[in-house]
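Structure below is upload.csv: CSV, N, CA and C atoms.
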chain,number,residue,atom,x,y,z
A,249,MET,N,113.6,111.9,114.1
A,249,MET,CA,112.3,111.7,114.8
A,249,MET,C,111.6,110.5,114.2
A,250,THR,N,111.1,109.6,115.1
A,250,THR,CA,110.3,108.5,114.6
A,250,THR,C,108.9,108.9,114.2
A,251,HIS,N,108.4,108.4,113.1
A,251,HIS,CA,107.1,108.7,112.6
A,251,HIS,C,106.1,107.7,113.3
A,252,ARG,N,105.0,108.1,113.7
A,252,ARG,CA,103.9,107.2,114.2
A,252,ARG,C,102.9,107.0,113.2
A,253,GLN,N,102.5,105.7,113.0
A,253,GLN,CA,101.5,105.4,112.0
A,253,GLN,C,100.4,104.6,112.8
A,254,ALA,N,99.1,105.1,112.6
A,254,ALA,CA,98.0,104.5,113.2
A,254,ALA,C,97.6,103.3,112.5
A,255,ILE,N,97.2,102.2,113.2
A,255,ILE,CA,96.9,100.9,112.6
A,255,ILE,C,95.4,100.6,113.1
A,256,PHE,N,94.6,100.2,112.2
A,256,PHE,CA,93.2,99.7,112.5
A,256,PHE,C,92.9,98.4,111.8
A,257,PRO,N,92.3,97.5,112.5
A,257,PRO,CA,91.8,96.3,111.8
A,257,PRO,C,90.5,96.7,111.0
A,258,THR,N,90.2,95.9,110.0
A,258,THR,CA,89.0,96.1,109.2
A,258,THR,C,87.7,95.8,110.0
A,259,ALA,N,86.7,96.6,109.8
A,259,ALA,CA,85.3,96.4,110.3
A,259,ALA,C,85.1,96.5,111.8
A,260,ARG,N,86.0,97.3,112.5
A,260,ARG,CA,85.8,97.5,113.9
A,260,ARG,C,86.0,98.9,114.3
A,261,GLN,N,85.5,99.8,113.5
A,261,GLN,CA,85.8,101.3,113.7
A,261,GLN,C,84.9,101.9,114.8
A,262,ASP,N,83.7,101.3,115.1
A,262,ASP,CA,82.8,102.0,116.0
A,262,ASP,C,83.4,102.2,117.4
A,263,LEU,N,84.0,101.3,118.0
A,263,LEU,CA,84.6,101.4,119.3
A,263,LEU,C,85.7,102.5,119.3
A,264,TYR,N,86.6,102.5,118.3
A,264,TYR,CA,87.7,103.4,118.3
A,264,TYR,C,87.1,104.8,118.0
A,265,THR,N,86.1,105.0,117.2
A,265,THR,CA,85.5,106.3,117.0
A,265,THR,C,84.8,106.8,118.2
A,266,LEU,N,84.1,105.9,118.9
A,266,LEU,CA,83.4,106.3,120.1
A,266,LEU,C,84.3,106.8,121.2
A,267,HIS,N,85.4,106.1,121.4
A,267,HIS,CA,86.3,106.5,122.5
A,267,HIS,C,87.5,107.3,122.0
A,268,ARG,N,87.6,107.6,120.7
A,268,ARG,CA,88.7,108.4,120.1
A,268,ARG,C,90.1,108.0,120.4
A,269,TYR,N,90.4,106.8,119.9
A,269,TYR,CA,91.8,106.3,120.1
A,269,TYR,C,92.1,105.4,118.9
A,270,SER,N,93.4,105.1,118.7
A,270,SER,CA,93.9,104.2,117.6
A,270,SER,C,94.0,102.8,118.2
A,271,ALA,N,93.7,101.8,117.3
A,271,ALA,CA,93.8,100.4,117.7
A,271,ALA,C,95.2,100.1,118.1
A,272,ALA,N,96.2,100.7,117.3
A,272,ALA,CA,97.6,100.5,117.5
A,272,ALA,C,98.4,101.6,116.9
A,273,LEU,N,99.6,101.8,117.4
A,273,LEU,CA,100.5,102.8,116.8
A,273,LEU,C,101.8,102.1,116.4
A,274,ARG,N,102.2,102.2,115.2
A,274,ARG,CA,103.5,101.7,114.8
A,274,ARG,C,104.5,102.8,115.0
A,275,SER,N,105.6,102.5,115.6
A,275,SER,CA,106.8,103.4,115.8
A,275,SER,C,108.0,102.7,115.6
A,276,GLY,N,108.7,102.9,114.4
A,276,GLY,CA,109.8,102.1,114.0
A,276,GLY,C,109.5,100.7,113.9
A,277,ASP,N,110.2,99.8,114.5
A,277,ASP,CA,109.9,98.4,114.4
A,277,ASP,C,109.0,97.8,115.5
A,278,LEU,N,108.4,98.8,116.3
A,278,LEU,CA,107.5,98.3,117.4
A,278,LEU,C,106.1,98.7,117.1
A,279,LEU,N,105.2,97.8,117.6
A,279,LEU,CA,103.8,98.1,117.5
A,279,LEU,C,103.2,98.1,118.9
A,280,PHE,N,102.6,99.2,119.3
A,280,PHE,CA,101.9,99.4,120.6
A,280,PHE,C,100.4,99.3,120.4
A,281,VAL,N,99.9,98.2,120.8
A,281,VAL,CA,98.5,97.9,120.6
A,281,VAL,C,97.7,98.4,121.8
A,282,SER,N,96.7,99.2,121.6
A,282,SER,CA,95.8,99.7,122.7
A,282,SER,C,95.0,98.5,123.2
A,283,GLY,N,94.5,98.7,124.4
A,283,GLY,CA,93.7,97.6,125.0
A,283,GLY,C,92.6,97.1,124.1
A,284,GLN,N,92.6,95.8,123.9
A,284,GLN,CA,91.6,95.2,123.1
A,284,GLN,C,90.6,94.5,124.0
A,285,VAL,N,89.3,94.6,123.8
A,285,VAL,CA,88.3,94.1,124.6
A,285,VAL,C,87.4,93.1,123.7
A,286,GLY,N,86.6,92.4,124.4
A,286,GLY,CA,85.7,91.5,123.7
A,286,GLY,C,84.5,92.2,123.2
A,287,SER,N,84.7,93.1,122.2
A,287,SER,CA,83.6,93.9,121.7
A,287,SER,C,83.1,93.3,120.4
A,288,ARG,N,81.9,93.3,120.2
A,288,ARG,CA,81.2,92.9,118.9
A,288,ARG,C,81.5,94.0,117.9
A,289,SER,N,81.2,93.8,116.7
A,289,SER,CA,81.5,94.7,115.6
A,289,SER,C,80.9,96.1,115.8
A,290,ASP,N,79.8,96.2,116.6
A,290,ASP,CA,79.1,97.5,116.9
A,290,ASP,C,79.7,98.1,118.1
A,291,GLY,N,80.7,97.5,118.7
A,291,GLY,CA,81.4,98.1,119.9
A,291,GLY,C,80.8,97.7,121.2
A,292,SER,N,79.7,96.9,121.2
A,292,SER,CA,79.1,96.5,122.5
A,292,SER,C,79.8,95.3,123.0
A,293,PRO,N,79.8,95.1,124.4
A,293,PRO,CA,80.5,94.0,125.0
A,293,PRO,C,79.8,92.6,124.8
A,294,GLU,N,80.6,91.6,124.6
A,294,GLU,CA,80.1,90.2,124.5
A,294,GLU,C,79.7,89.9,126.0
A,295,PRO,N,78.4,89.5,126.2
A,295,PRO,CA,78.0,89.3,127.6
A,295,PRO,C,78.6,88.1,128.3
A,296,ASP,N,78.9,87.0,127.7
A,296,ASP,CA,79.4,85.8,128.3
A,296,ASP,C,80.9,86.0,128.5
A,297,PHE,N,81.4,85.8,129.8
A,297,PHE,CA,82.8,86.2,130.1
A,297,PHE,C,83.8,85.4,129.3
A,298,GLU,N,83.7,84.1,129.2
A,298,GLU,CA,84.7,83.3,128.4
A,298,GLU,C,84.7,83.7,126.9
A,299,ALA,N,83.5,83.9,126.4
A,299,ALA,CA,83.4,84.4,125.0
A,299,ALA,C,84.0,85.8,124.9
A,300,GLN,N,83.8,86.6,125.9
A,300,GLN,CA,84.4,88.0,125.8
A,300,GLN,C,85.9,87.9,125.8
A,301,VAL,N,86.5,87.0,126.6
A,301,VAL,CA,88.0,86.9,126.6
A,301,VAL,C,88.4,86.3,125.2
A,302,ARG,N,87.7,85.3,124.7
A,302,ARG,CA,88.1,84.8,123.4
A,302,ARG,C,88.0,85.9,122.3
A,303,LEU,N,87.0,86.7,122.4
A,303,LEU,CA,86.8,87.7,121.4
A,303,LEU,C,87.8,88.8,121.5
A,304,ALA,N,88.2,89.1,122.8
A,304,ALA,CA,89.3,90.1,123.0
A,304,ALA,C,90.6,89.6,122.3
A,305,PHE,N,90.9,88.3,122.5
A,305,PHE,CA,92.1,87.8,121.8
A,305,PHE,C,92.0,87.8,120.3
A,306,ALA,N,90.8,87.5,119.8
A,306,ALA,CA,90.5,87.5,118.3
A,306,ALA,C,90.7,89.0,117.8
A,307,ASN,N,90.2,89.9,118.6
A,307,ASN,CA,90.3,91.3,118.2
A,307,ASN,C,91.8,91.8,118.2
A,308,LEU,N,92.5,91.2,119.2
A,308,LEU,CA,94.0,91.5,119.3
A,308,LEU,C,94.6,90.9,118.0
A,309,GLN,N,94.3,89.7,117.7
A,309,GLN,CA,94.9,89.1,116.5
A,309,GLN,C,94.6,89.9,115.2
A,310,ALA,N,93.4,90.4,115.1
A,310,ALA,CA,93.0,91.2,113.9
A,310,ALA,C,93.8,92.5,113.9
A,311,THR,N,94.1,93.1,115.0
A,311,THR,CA,94.9,94.3,115.0
A,311,THR,C,96.3,94.0,114.7
A,312,LEU,N,96.9,92.9,115.3
A,312,LEU,CA,98.2,92.5,114.9
A,312,LEU,C,98.4,92.3,113.4
A,313,LYS,N,97.4,91.5,112.9
A,313,LYS,CA,97.4,91.2,111.5
A,313,LYS,C,97.4,92.4,110.6
A,314,ALA,N,96.7,93.5,111.0
A,314,ALA,CA,96.6,94.7,110.2
A,314,ALA,C,97.9,95.4,110.1
A,315,ALA,N,98.8,95.1,111.1
A,315,ALA,CA,100.2,95.7,111.1
A,315,ALA,C,101.2,94.7,110.6
A,316,GLY,N,100.8,93.5,110.1
A,316,GLY,CA,101.8,92.6,109.6
A,316,GLY,C,102.4,91.7,110.7
A,317,CYS,N,101.8,91.6,111.8
A,317,CYS,CA,102.3,90.9,113.0
A,317,CYS,C,101.4,89.7,113.3
A,318,GLY,N,101.9,88.8,114.2
A,318,GLY,CA,101.2,87.7,114.7
A,318,GLY,C,101.4,87.6,116.2
A,319,LEU,N,100.8,86.6,116.8
A,319,LEU,CA,101.0,86.3,118.2
A,319,LEU,C,102.5,86.1,118.6
A,320,ASP,N,103.2,85.5,117.7
A,320,ASP,CA,104.6,85.2,118.1
A,320,ASP,C,105.5,86.5,118.1
A,321,ASP,N,105.0,87.6,117.6
A,321,ASP,CA,105.7,88.8,117.6
A,321,ASP,C,105.5,89.6,118.9
A,322,ILE,N,104.6,89.2,119.8
A,322,ILE,CA,104.3,89.9,121.0
A,322,ILE,C,105.5,89.7,122.0
A,323,VAL,N,106.0,90.8,122.5
A,323,VAL,CA,107.0,90.7,123.5
A,323,VAL,C,106.5,91.1,124.9
A,324,ASP,N,105.5,91.8,125.0
A,324,ASP,CA,105.0,92.2,126.3
A,324,ASP,C,103.4,92.3,126.3
A,325,LEU,N,102.8,91.7,127.3
A,325,LEU,CA,101.4,91.6,127.3
A,325,LEU,C,100.9,92.1,128.7
A,326,THR,N,99.9,92.9,128.7
A,326,THR,CA,99.2,93.4,130.0
A,326,THR,C,97.7,93.1,129.9
A,327,SER,N,97.2,92.5,130.9
A,327,SER,CA,95.8,92.2,130.9
A,327,SER,C,95.1,92.9,132.1
A,328,PHE,N,93.9,93.3,131.9
A,328,PHE,CA,93.1,94.0,133.0
A,328,PHE,C,91.9,93.2,133.3
A,329,HIS,N,91.5,93.0,134.6
A,329,HIS,CA,90.5,92.1,135.0
A,329,HIS,C,89.6,92.9,136.0
A,330,THR,N,88.3,92.8,135.8
A,330,THR,CA,87.4,93.5,136.8
A,330,THR,C,87.1,92.7,138.1
A,331,ASP,N,87.4,91.3,138.0
A,331,ASP,CA,87.2,90.5,139.1
A,331,ASP,C,88.2,89.3,139.0
A,332,PRO,N,89.5,89.6,139.2
A,332,PRO,CA,90.5,88.6,138.9
A,332,PRO,C,90.4,87.3,139.7
A,333,GLN,N,89.9,87.4,140.9
A,333,GLN,CA,89.8,86.2,141.8
A,333,GLN,C,88.9,85.2,141.1
A,334,HIS,N,87.8,85.7,140.5
A,334,HIS,CA,86.8,84.7,139.9
A,334,HIS,C,87.0,84.5,138.4
A,335,GLN,N,87.8,85.4,137.8
A,335,GLN,CA,88.0,85.3,136.3
A,335,GLN,C,89.3,84.6,135.9
A,336,PHE,N,90.2,84.6,136.8
A,336,PHE,CA,91.6,84.2,136.4
A,336,PHE,C,91.7,82.8,135.8
A,337,ASP,N,90.9,81.8,136.3
A,337,ASP,CA,91.0,80.5,135.7
A,337,ASP,C,90.5,80.5,134.3
A,338,THR,N,89.5,81.2,134.0
A,338,THR,CA,89.0,81.3,132.6
A,338,THR,C,90.0,82.0,131.7
A,339,VAL,N,90.6,83.1,132.2
A,339,VAL,CA,91.6,83.8,131.4
A,339,VAL,C,92.8,82.9,131.1
A,340,LEU,N,93.2,82.2,132.2
A,340,LEU,CA,94.4,81.3,131.9
A,340,LEU,C,94.0,80.2,130.9
A,341,LYS,N,92.8,79.6,131.0
A,341,LYS,CA,92.4,78.6,130.0
A,341,LYS,C,92.5,79.1,128.6
A,342,VAL,N,92.0,80.3,128.4
A,342,VAL,CA,92.0,80.9,127.0
A,342,VAL,C,93.4,81.3,126.6
A,343,LYS,N,94.1,81.9,127.6
A,343,LYS,CA,95.5,82.3,127.3
A,343,LYS,C,96.4,81.1,126.9
A,344,ASP,N,96.2,80.0,127.6
A,344,ASP,CA,97.0,78.8,127.3
A,344,ASP,C,96.7,78.2,125.9
A,345,GLU,N,95.5,78.4,125.4
A,345,GLU,CA,95.1,78.0,124.1
A,345,GLU,C,95.8,79.0,123.1
A,346,VAL,N,95.8,80.3,123.4
A,346,VAL,CA,96.4,81.3,122.5
A,346,VAL,C,97.9,81.2,122.4
A,347,PHE,N,98.5,80.9,123.6
A,347,PHE,CA,100.0,80.8,123.7
A,347,PHE,C,100.3,79.4,124.2
A,348,PRO,N,100.2,78.3,123.4
A,348,PRO,CA,100.3,77.0,123.9
A,348,PRO,C,101.8,76.5,124.3
A,349,THR,N,102.8,77.2,123.8
A,349,THR,CA,104.2,76.8,124.0
A,349,THR,C,105.1,78.0,124.3
A,350,ALA,N,106.1,77.6,125.0
A,350,ALA,CA,107.2,78.7,125.3
A,350,ALA,C,108.0,78.9,124.1
A,351,PRO,N,108.6,80.1,124.0
A,351,PRO,CA,108.6,81.1,125.0
A,351,PRO,C,107.4,82.0,125.0
A,352,TYR,N,106.8,82.2,126.2
A,352,TYR,CA,105.6,83.0,126.3
A,352,TYR,C,106.0,84.5,126.4
A,353,PRO,N,105.1,85.4,126.0
A,353,PRO,CA,105.4,86.8,126.2
A,353,PRO,C,105.4,87.2,127.7
A,354,ASN,N,106.1,88.3,128.0
A,354,ASN,CA,106.0,88.8,129.3
A,354,ASN,C,104.6,89.1,129.6
A,355,TRP,N,104.1,89.0,130.9
A,355,TRP,CA,102.7,89.2,131.2
A,355,TRP,C,102.6,89.8,132.5
A,356,THR,N,101.8,90.9,132.5
A,356,THR,CA,101.4,91.6,133.7
A,356,THR,C,99.9,91.6,133.8
A,357,ALA,N,99.3,91.1,134.9
A,357,ALA,CA,97.8,91.1,135.0
A,357,ALA,C,97.5,92.0,136.1
A,358,LEU,N,96.5,92.9,135.9
A,358,LEU,CA,96.1,93.9,136.8
A,358,LEU,C,94.6,93.8,137.1
A,359,GLY,N,94.2,93.9,138.4
A,359,GLY,CA,92.8,94.0,138.8
A,359,GLY,C,92.4,95.5,138.7
A,360,VAL,N,91.3,95.8,138.1
A,360,VAL,CA,90.8,97.1,137.9
A,360,VAL,C,89.3,97.2,138.3
A,361,THR,N,88.8,98.4,138.5
A,361,THR,CA,87.4,98.5,138.9
A,361,THR,C,86.5,98.9,137.7
A,362,TRP,N,87.0,99.3,136.6
A,362,TRP,CA,86.2,99.8,135.5
A,362,TRP,C,86.9,99.6,134.1
A,363,LEU,N,86.2,99.0,133.2
A,363,LEU,CA,86.7,98.9,131.8
A,363,LEU,C,85.6,99.2,130.8
A,364,ALA,N,84.9,100.3,131.0
A,364,ALA,CA,83.9,100.9,130.1
A,364,ALA,C,82.8,99.8,129.7
A,365,GLY,N,82.4,99.0,130.7
A,365,GLY,CA,81.3,98.0,130.4
A,365,GLY,C,81.9,96.6,130.1
A,366,PHE,N,83.2,96.5,130.0
A,366,PHE,CA,83.8,95.2,129.7
A,366,PHE,C,84.4,94.6,131.0
A,367,ASP,N,84.7,93.3,131.0
A,367,ASP,CA,85.3,92.7,132.1
A,367,ASP,C,86.7,92.2,131.9
A,368,PHE,N,87.3,92.4,130.7
A,368,PHE,CA,88.6,91.9,130.4
A,368,PHE,C,89.1,92.8,129.3
A,369,GLU,N,90.4,93.1,129.4
A,369,GLU,CA,91.1,93.9,128.3
A,369,GLU,C,92.5,93.4,128.2
A,370,ILE,N,93.1,93.5,127.0
A,370,ILE,CA,94.4,93.0,126.8
A,370,ILE,C,95.2,94.0,125.9
A,371,LYS,N,96.3,94.4,126.3
A,371,LYS,CA,97.2,95.3,125.5
A,371,LYS,C,98.5,94.7,125.3
A,372,VAL,N,99.2,95.0,124.2
A,372,VAL,CA,100.5,94.4,124.0
A,372,VAL,C,101.4,95.3,123.3
A,373,ILE,N,102.7,95.0,123.4
A,373,ILE,CA,103.8,95.6,122.5
A,373,ILE,C,104.3,94.4,121.7
A,374,ALA,N,104.4,94.6,120.4
A,374,ALA,CA,105.0,93.6,119.5
A,374,ALA,C,106.1,94.2,118.6
A,375,ARG,N,107.0,93.3,118.2
A,375,ARG,CA,108.0,93.7,117.2
A,375,ARG,C,107.5,93.4,115.8
A,376,ILE,N,107.5,94.3,114.9
A,376,ILE,CA,107.0,94.1,113.6
A,376,ILE,C,108.1,93.4,112.8
A,377,PRO,N,107.8,92.2,112.2
A,377,PRO,CA,108.8,91.4,111.5
A,377,PRO,C,109.3,92.2,110.2
A,378,GLY,N,110.6,92.2,110.0
A,378,GLY,CA,111.1,92.8,108.8
A,378,GLY,C,111.2,94.3,108.8
A,379,ALA,N,110.7,94.9,109.9
A,379,ALA,CA,110.7,96.4,109.9
A,379,ALA,C,112.0,96.9,110.3
A,380,ASN,N,112.4,98.1,109.9
A,380,ASN,CA,113.6,98.7,110.3
A,380,ASN,C,113.4,99.9,111.1

Kindly transcribe the structure held in the file into C-alpha cells.
Amino acid sequence: MTHRQAIFPTARQDLYTLHRYSAALRSGDLLFVSGQVGSRSDGSPEPDFEAQVRLAFANLQATLKAAGCGLDDIVDLTSFHTDPQHQFDTVLKVKDEVFPTAPYPNWTALGVTWLAGFDFEIKVIARIPGAN
C-alpha cells in the first residue's frame, strides 16, 4: 500500500486551514497538487486578474518546491476560469512566461462558475525527481 504524505509550502497555511485541505499529496513518485489560486498570505484573493494569475503560478511553484519539484516536473496541468472568454488571453500570456519552451505539460482548461472568490485556479500532477 502506498503511503500518502501531505506537503505544504511555508507561510501559506491560512487558506488550507480555512478550507481543510492539503496543498499537495505525495504518493510514491507522484505529487498531486491541489488547486492553487492567487491568494495572498492571509488567504484573500489578489484583486487584479493578471496579478492573481501570476500569484497562482507563484503559489504553485512554492508548493512544488516544498516537495522537491519544479515546473519541469509537471506532467499534467488543469486550469479553472470563471470567465474564460475574457480571461484566456491574460492566462496564455502568463502561462507562456512560466512555460516558455516545449515540451509543455498536458493542459486542460475548464470554465467554471465559482472558485471561492477567486477567478483562476491551477492544479497539477508532477513526478518527483529521484523518488522511488

Using DSSP on the backbone, list every residue of chain A that comes out as strand (DSSP E or B), and give them as a tab-separated table (two decimals) with N, CA and C atoms, keeping the file's coordinate frame.
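Wrote states_37.tsv, looks like this:
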chain	number	residue	atom	x	y	z
A	252	ARG	N	105.00	108.10	113.70
A	252	ARG	CA	103.90	107.20	114.20
A	252	ARG	C	102.90	107.00	113.20
A	253	GLN	N	102.50	105.70	113.00
A	253	GLN	CA	101.50	105.40	112.00
A	253	GLN	C	100.40	104.60	112.80
A	254	ALA	N	99.10	105.10	112.60
A	254	ALA	CA	98.00	104.50	113.20
A	254	ALA	C	97.60	103.30	112.50
A	255	ILE	N	97.20	102.20	113.20
A	255	ILE	CA	96.90	100.90	112.60
A	255	ILE	C	95.40	100.60	113.10
A	272	ALA	N	96.20	100.70	117.30
A	272	ALA	CA	97.60	100.50	117.50
A	272	ALA	C	98.40	101.60	116.90
A	273	LEU	N	99.60	101.80	117.40
A	273	LEU	CA	100.50	102.80	116.80
A	273	LEU	C	101.80	102.10	116.40
A	274	ARG	N	102.20	102.20	115.20
A	274	ARG	CA	103.50	101.70	114.80
A	274	ARG	C	104.50	102.80	115.00
A	275	SER	N	105.60	102.50	115.60
A	275	SER	CA	106.80	103.40	115.80
A	275	SER	C	108.00	102.70	115.60
A	278	LEU	N	108.40	98.80	116.30
A	278	LEU	CA	107.50	98.30	117.40
A	278	LEU	C	106.10	98.70	117.10
A	279	LEU	N	105.20	97.80	117.60
A	279	LEU	CA	103.80	98.10	117.50
A	279	LEU	C	103.20	98.10	118.90
A	280	PHE	N	102.60	99.20	119.30
A	280	PHE	CA	101.90	99.40	120.60
A	280	PHE	C	100.40	99.30	120.40
A	281	VAL	N	99.90	98.20	120.80
A	281	VAL	CA	98.50	97.90	120.60
A	281	VAL	C	97.70	98.40	121.80
A	282	SER	N	96.70	99.20	121.60
A	282	SER	CA	95.80	99.70	122.70
A	282	SER	C	95.00	98.50	123.20
A	283	GLY	N	94.50	98.70	124.40
A	283	GLY	CA	93.70	97.60	125.00
A	283	GLY	C	92.60	97.10	124.10
A	284	GLN	N	92.60	95.80	123.90
A	284	GLN	CA	91.60	95.20	123.10
A	284	GLN	C	90.60	94.50	124.00
A	285	VAL	N	89.30	94.60	123.80
A	285	VAL	CA	88.30	94.10	124.60
A	285	VAL	C	87.40	93.10	123.70
A	287	SER	N	84.70	93.10	122.20
A	287	SER	CA	83.60	93.90	121.70
A	287	SER	C	83.10	93.30	120.40
A	293	PRO	N	79.80	95.10	124.40
A	293	PRO	CA	80.50	94.00	125.00
A	293	PRO	C	79.80	92.60	124.80
A	322	ILE	N	104.60	89.20	119.80
A	322	ILE	CA	104.30	89.90	121.00
A	322	ILE	C	105.50	89.70	122.00
A	323	VAL	N	106.00	90.80	122.50
A	323	VAL	CA	107.00	90.70	123.50
A	323	VAL	C	106.50	91.10	124.90
A	324	ASP	N	105.50	91.80	125.00
A	324	ASP	CA	105.00	92.20	126.30
A	324	ASP	C	103.40	92.30	126.30
A	325	LEU	N	102.80	91.70	127.30
A	325	LEU	CA	101.40	91.60	127.30
A	325	LEU	C	100.90	92.10	128.70
A	326	THR	N	99.90	92.90	128.70
A	326	THR	CA	99.20	93.40	130.00
A	326	THR	C	97.70	93.10	129.90
A	327	SER	N	97.20	92.50	130.90
A	327	SER	CA	95.80	92.20	130.90
A	327	SER	C	95.10	92.90	132.10
A	328	PHE	N	93.90	93.30	131.90
A	328	PHE	CA	93.10	94.00	133.00
A	328	PHE	C	91.90	93.20	133.30
A	329	HIS	N	91.50	93.00	134.60
A	329	HIS	CA	90.50	92.10	135.00
A	329	HIS	C	89.60	92.90	136.00
A	354	ASN	N	106.10	88.30	128.00
A	354	ASN	CA	106.00	88.80	129.30
A	354	ASN	C	104.60	89.10	129.60
A	355	TRP	N	104.10	89.00	130.90
A	355	TRP	CA	102.70	89.20	131.20
A	355	TRP	C	102.60	89.80	132.50
A	356	THR	N	101.80	90.90	132.50
A	356	THR	CA	101.40	91.60	133.70
A	356	THR	C	99.90	91.60	133.80
A	357	ALA	N	99.30	91.10	134.90
A	357	ALA	CA	97.80	91.10	135.00
A	357	ALA	C	97.50	92.00	136.10
A	358	LEU	N	96.50	92.90	135.90
A	358	LEU	CA	96.10	93.90	136.80
A	358	LEU	C	94.60	93.80	137.10
A	359	GLY	N	94.20	93.90	138.40
A	359	GLY	CA	92.80	94.00	138.80
A	359	GLY	C	92.40	95.50	138.70
A	368	PHE	N	87.30	92.40	130.70
A	368	PHE	CA	88.60	91.90	130.40
A	368	PHE	C	89.10	92.80	129.30
A	369	GLU	N	90.40	93.10	129.40
A	369	GLU	CA	91.10	93.90	128.30
A	369	GLU	C	92.50	93.40	128.20
A	370	ILE	N	93.10	93.50	127.00
A	370	ILE	CA	94.40	93.00	126.80
A	370	ILE	C	95.20	94.00	125.90
A	371	LYS	N	96.30	94.40	126.30
A	371	LYS	CA	97.20	95.30	125.50
A	371	LYS	C	98.50	94.70	125.30
A	372	VAL	N	99.20	95.00	124.20
A	372	VAL	CA	100.50	94.40	124.00
A	372	VAL	C	101.40	95.30	123.30
A	373	ILE	N	102.70	95.00	123.40
A	373	ILE	CA	103.80	95.60	122.50
A	373	ILE	C	104.30	94.40	121.70
A	374	ALA	N	104.40	94.60	120.40
A	374	ALA	CA	105.00	93.60	119.50
A	374	ALA	C	106.10	94.20	118.60
A	375	ARG	N	107.00	93.30	118.20
A	375	ARG	CA	108.00	93.70	117.20
A	375	ARG	C	107.50	93.40	115.80

Nearby residues (only N, CA and C atoms) at most 7 Å from segment 309-320 of chain A, same-chain spacing under 3 positions excluded, as a PDB file with N, CA and C atoms, in the coordinates of the input:
ATOM      1  N   ILE A 255      97.200 102.200 113.200  1.00  0.00           N
ATOM      2  CA  ILE A 255      96.900 100.900 112.600  1.00  0.00           C
ATOM      3  C   ILE A 255      95.400 100.600 113.100  1.00  0.00           C
ATOM      4  N   PHE A 256      94.600 100.200 112.200  1.00  0.00           N
ATOM      5  CA  PHE A 256      93.200  99.700 112.500  1.00  0.00           C
ATOM      6  C   PHE A 256      92.900  98.400 111.800  1.00  0.00           C
ATOM      7  N   PRO A 257      92.300  97.500 112.500  1.00  0.00           N
ATOM      8  CA  PRO A 257      91.800  96.300 111.800  1.00  0.00           C
ATOM      9  C   PRO A 257      90.500  96.700 111.000  1.00  0.00           C
ATOM     10  N   THR A 258      90.200  95.900 110.000  1.00  0.00           N
ATOM     11  CA  THR A 258      89.000  96.100 109.200  1.00  0.00           C
ATOM     12  C   THR A 258      87.700  95.800 110.000  1.00  0.00           C
ATOM     13  N   ALA A 271      93.700 101.800 117.300  1.00  0.00           N
ATOM     14  CA  ALA A 271      93.800 100.400 117.700  1.00  0.00           C
ATOM     15  C   ALA A 271      95.200 100.100 118.100  1.00  0.00           C
ATOM     16  N   ALA A 272      96.200 100.700 117.300  1.00  0.00           N
ATOM     17  CA  ALA A 272      97.600 100.500 117.500  1.00  0.00           C
ATOM     18  C   ALA A 272      98.400 101.600 116.900  1.00  0.00           C
ATOM     19  N   ALA A 304      88.200  89.100 122.800  1.00  0.00           N
ATOM     20  CA  ALA A 304      89.300  90.100 123.000  1.00  0.00           C
ATOM     21  C   ALA A 304      90.600  89.600 122.300  1.00  0.00           C
ATOM     22  N   PHE A 305      90.900  88.300 122.500  1.00  0.00           N
ATOM     23  CA  PHE A 305      92.100  87.800 121.800  1.00  0.00           C
ATOM     24  C   PHE A 305      92.000  87.800 120.300  1.00  0.00           C
ATOM     25  N   ALA A 306      90.800  87.500 119.800  1.00  0.00           N
ATOM     26  CA  ALA A 306      90.500  87.500 118.300  1.00  0.00           C
ATOM     27  C   ALA A 306      90.700  89.000 117.800  1.00  0.00           C
ATOM     28  N   VAL A 323     106.000  90.800 122.500  1.00  0.00           N
ATOM     29  CA  VAL A 323     107.000  90.700 123.500  1.00  0.00           C
ATOM     30  C   VAL A 323     106.500  91.100 124.900  1.00  0.00           C
ATOM     31  N   ARG A 375     107.000  93.300 118.200  1.00  0.00           N
ATOM     32  CA  ARG A 375     108.000  93.700 117.200  1.00  0.00           C
ATOM     33  C   ARG A 375     107.500  93.400 115.800  1.00  0.00           C
ATOM     34  N   ILE A 376     107.500  94.300 114.900  1.00  0.00           N
ATOM     35  CA  ILE A 376     107.000  94.100 113.600  1.00  0.00           C
ATOM     36  C   ILE A 376     108.100  93.400 112.800  1.00  0.00           C
ATOM     37  N   PRO A 377     107.800  92.200 112.200  1.00  0.00           N
ATOM     38  CA  PRO A 377     108.800  91.400 111.500  1.00  0.00           C
ATOM     39  C   PRO A 377     109.300  92.200 110.200  1.00  0.00           C
TER      40      PRO A 377
END

What does the distance between atom CA of Gly365 of chain A and atom CA of Phe280 of chain A come to in Å, to one decimal place?
-> 22.9 Å

Nearest to Ile322 of chain A, chosen from A:Pro348, A:Pro353, A:Gly378, A:Gly283, with only C-alpha atoms counted in the distances =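 Closest to Ile322 of chain A, using only C-alpha atoms: A:Pro353.
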
What is the atom CA of Gly286 of chain A to atom CA of Pro351 of chain A distance in Å?
-> 25.2 Å

Contacts of Ala357 of chain A within 7 Å, all atoms listed in the file, excl. fewer than 5 positions in-chain, as number ranges by chain | A: 325-329

Within 8 Å of Leu279 of chain A, counting all atoms listed in the file, which residues qualify if same-chain residues fewer than 2 places away don't, as a list in words?
->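 The residues that qualify are Ala272, Leu273, Arg274, Ser275, Gly276, Asp277, Val281, Ser282, Ala315, Val372, Ile373, Ala374, Arg375 and Ile376 of chain A.
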
Can you list, as a PyMOL selection string, all residues belonging to chain A that DSSP tags as helix (DSSP H, G or I)?
-> chain A and resi 261-267+297-314+319-321+332-346

So which residues fall inside 8 Å of (90.3, 104.6, 114.8) if we count only C-alpha atoms? Mind giving them as JSON, numbers by chain?
-> {"A": [254, 255, 256, 261, 263, 264, 265, 268, 269, 270, 271]}

Separation of atom CA of Thr349 of chain A and atom CA of Asp367 of chain A, in Å?
->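 That distance, rounded to one decimal, is 26.0 Å.
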
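For the choices A:Leu266, A:Leu358, A:Phe366, A:Val342, the atom-to-atom distance to Val285 of chain A is smallest for A:Phe366 when using only N, CA and C atoms.
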
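Neighbouring residues of His334 of chain A at 12 Å or closer, counting only C-alpha atoms and skipping chain neighbours under 6 positions away, are Phe297, Glu298, Leu340, Gly359 and Asp367 of chain A.
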
Proximity to Ile370 of chain A - best of A:His267, A:Arg252, A:Arg288, A:Lys343, only C-alpha atoms =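 Using only C-alpha atoms, Ile370 of chain A sits closest to A:Lys343.
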